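Comments concern the structure below.
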Amino acid sequence: MNALYADPATGEIFDYFGGLDDLAARRVRFIGDPLQRIAEDHLRILRFFRFHARFGTTIDQAGLDACTARANDLMALSRERIASEVLKLLVAANAVAVVALMVERGIFRAVLPEIDAGERRVWACWPSERRTLASHRTRSAASPWRSRLPPPKPSERG
């Protein structure tokens with residue numbers, strides 16, 4: 001979708017890579033070889049999912065497979081860059097479905113090991129949801145994510 005060029009003087013659109021077709025199909029995809037694009041910039045993994053959550057309805061299978069194969073490359077990024085992209089993703093219209101897909105494909109495993117892909121669940125950690133998270137008992141009491149939650153406020157206790 002980012003492969004469209006416009007002449008600022010004339011407004012003429014140049015589409016060298018099928019970007020207009022991608023827009024019509026609401027498809028986010030890499031230009032060229034997805035594995036090579038990710039090797040050039042590991043943040044493209046998270047951007048692929050963020051753009052899909054915001055603009056896409058059709059997932060590009062080659063891009064998805066490449067992101068899954070190169071998910072460990074996220075370890076080379078700073079926490080700040082990862083946090084910035086993830087926060088932008090979380091406010092997108094289709095964030096829940098896309099984050100669930102990322103969890104299912106193990107995208108977060110290297111940088112957020114607390115997320116257990118085996119559960120196939122995505123829990124919201126917003127303040128109003130802490131009680132729900134803290135009371136979820138399908139995992140052991142020693143579960144690492146549960147111990148990191150702040151205690152619920154008196155108004156949130158039920």
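Quick note on naming: the chains in the structure tokens go A, B, ... in the order shown, residues restart at 1 in each chain, and ligands are numbered from 1 in order of appearance.
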Produce a table with one row for each residue of segment 45-112 of chain A that has an atom at most 12 Å from any atom of segment 8-29 of chain A, each row naming the nearest atom pair and its distance in Å at one decimal; use only C-alpha atoms; arrange rows by chain and rising residue number; format as CSV.
```
residue,atom,partner,partner_atom,distance
A:Ile45,CA,A:Arg29,CA,11.0
A:Arg47,CA,A:Val28,CA,9.9
A:Phe48,CA,A:Val28,CA,7.0
A:Phe49,CA,A:Val28,CA,8.7
A:Arg50,CA,A:Val28,CA,9.8
A:Phe51,CA,A:Val28,CA,6.8
A:His52,CA,A:Val28,CA,5.8
A:Ala53,CA,A:Val28,CA,9.6
A:Arg54,CA,A:Arg26,CA,9.8
A:Phe55,CA,A:Arg26,CA,6.2
A:Gly56,CA,A:Arg26,CA,4.6
A:Thr57,CA,A:Arg26,CA,5.5
A:Thr58,CA,A:Arg27,CA,5.0
A:Ile59,CA,A:Arg27,CA,6.2
A:Asp60,CA,A:Arg29,CA,5.7
A:Gln61,CA,A:Arg29,CA,8.8
A:Ala62,CA,A:Arg29,CA,8.2
A:Gly63,CA,A:Arg29,CA,6.1
A:Leu64,CA,A:Arg29,CA,8.9
A:Asp65,CA,A:Arg29,CA,11.5
A:Ala66,CA,A:Arg29,CA,10.8
A:Cys67,CA,A:Arg29,CA,11.2
```
Near Val86 of chain A, within 10 Å and counting only C-alpha atoms, which residues show up once chain neighbours fewer than 4 positions away are dropped, as JSON, numbers by chain?
-> {"A": [46, 47, 49, 50, 80, 81, 82, 90, 91, 95, 99]}
Go ahead and dump the residues you just picked, N, CA and C atoms, as a compact mmCIF listing (two decimals), in the first residue's frame.
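And here is the file that came out, again.txt:
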```
# COMPACT_ATOMS: atom_id res chain seq x y z
N LEU A 46 6.29 -5.77 12.74
CA LEU A 46 5.21 -5.15 13.50
C LEU A 46 4.39 -4.19 12.64
N ARG A 47 5.05 -3.50 11.72
CA ARG A 47 4.31 -2.59 10.84
C ARG A 47 3.36 -3.36 9.93
N PHE A 49 1.68 -6.01 10.62
CA PHE A 49 0.47 -6.30 11.39
C PHE A 49 -0.30 -5.03 11.75
N ARG A 50 0.41 -3.96 12.06
CA ARG A 50 -0.27 -2.70 12.38
C ARG A 50 -1.05 -2.19 11.18
N GLU A 80 11.67 0.32 23.20
CA GLU A 80 10.91 1.53 22.86
C GLU A 80 10.31 1.45 21.47
N ARG A 81 11.07 0.95 20.52
CA ARG A 81 10.55 0.82 19.15
C ARG A 81 9.43 -0.20 19.09
N ILE A 82 9.60 -1.30 19.81
CA ILE A 82 8.56 -2.33 19.85
C ILE A 82 7.31 -1.76 20.51
N LEU A 90 -2.55 -1.32 18.81
CA LEU A 90 -3.66 -1.56 19.73
C LEU A 90 -4.82 -0.58 19.56
N VAL A 91 -4.60 0.56 18.93
CA VAL A 91 -5.70 1.51 18.73
C VAL A 91 -6.34 1.36 17.35
N ALA A 95 -7.72 -4.38 15.85
CA ALA A 95 -6.58 -4.77 16.70
C ALA A 95 -6.76 -6.13 17.36
N VAL A 99 -4.02 -9.00 16.84
CA VAL A 99 -3.19 -9.43 17.97
C VAL A 99 -3.40 -10.92 18.23
```
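Among the candidates A:Ala6, A:Val103, A:Leu43, A:Leu89, the residue lying nearest to Ala76 of chain A is A:Leu43 (atoms considered: only C-alpha atoms).
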Could you find all residues in segment 10-140 of chain A that DSSP calls strand (DSSP E or B) from the backbone, and write them as a PyMOL selection string?
-> chain A and resi 13-15+27-28+58-59
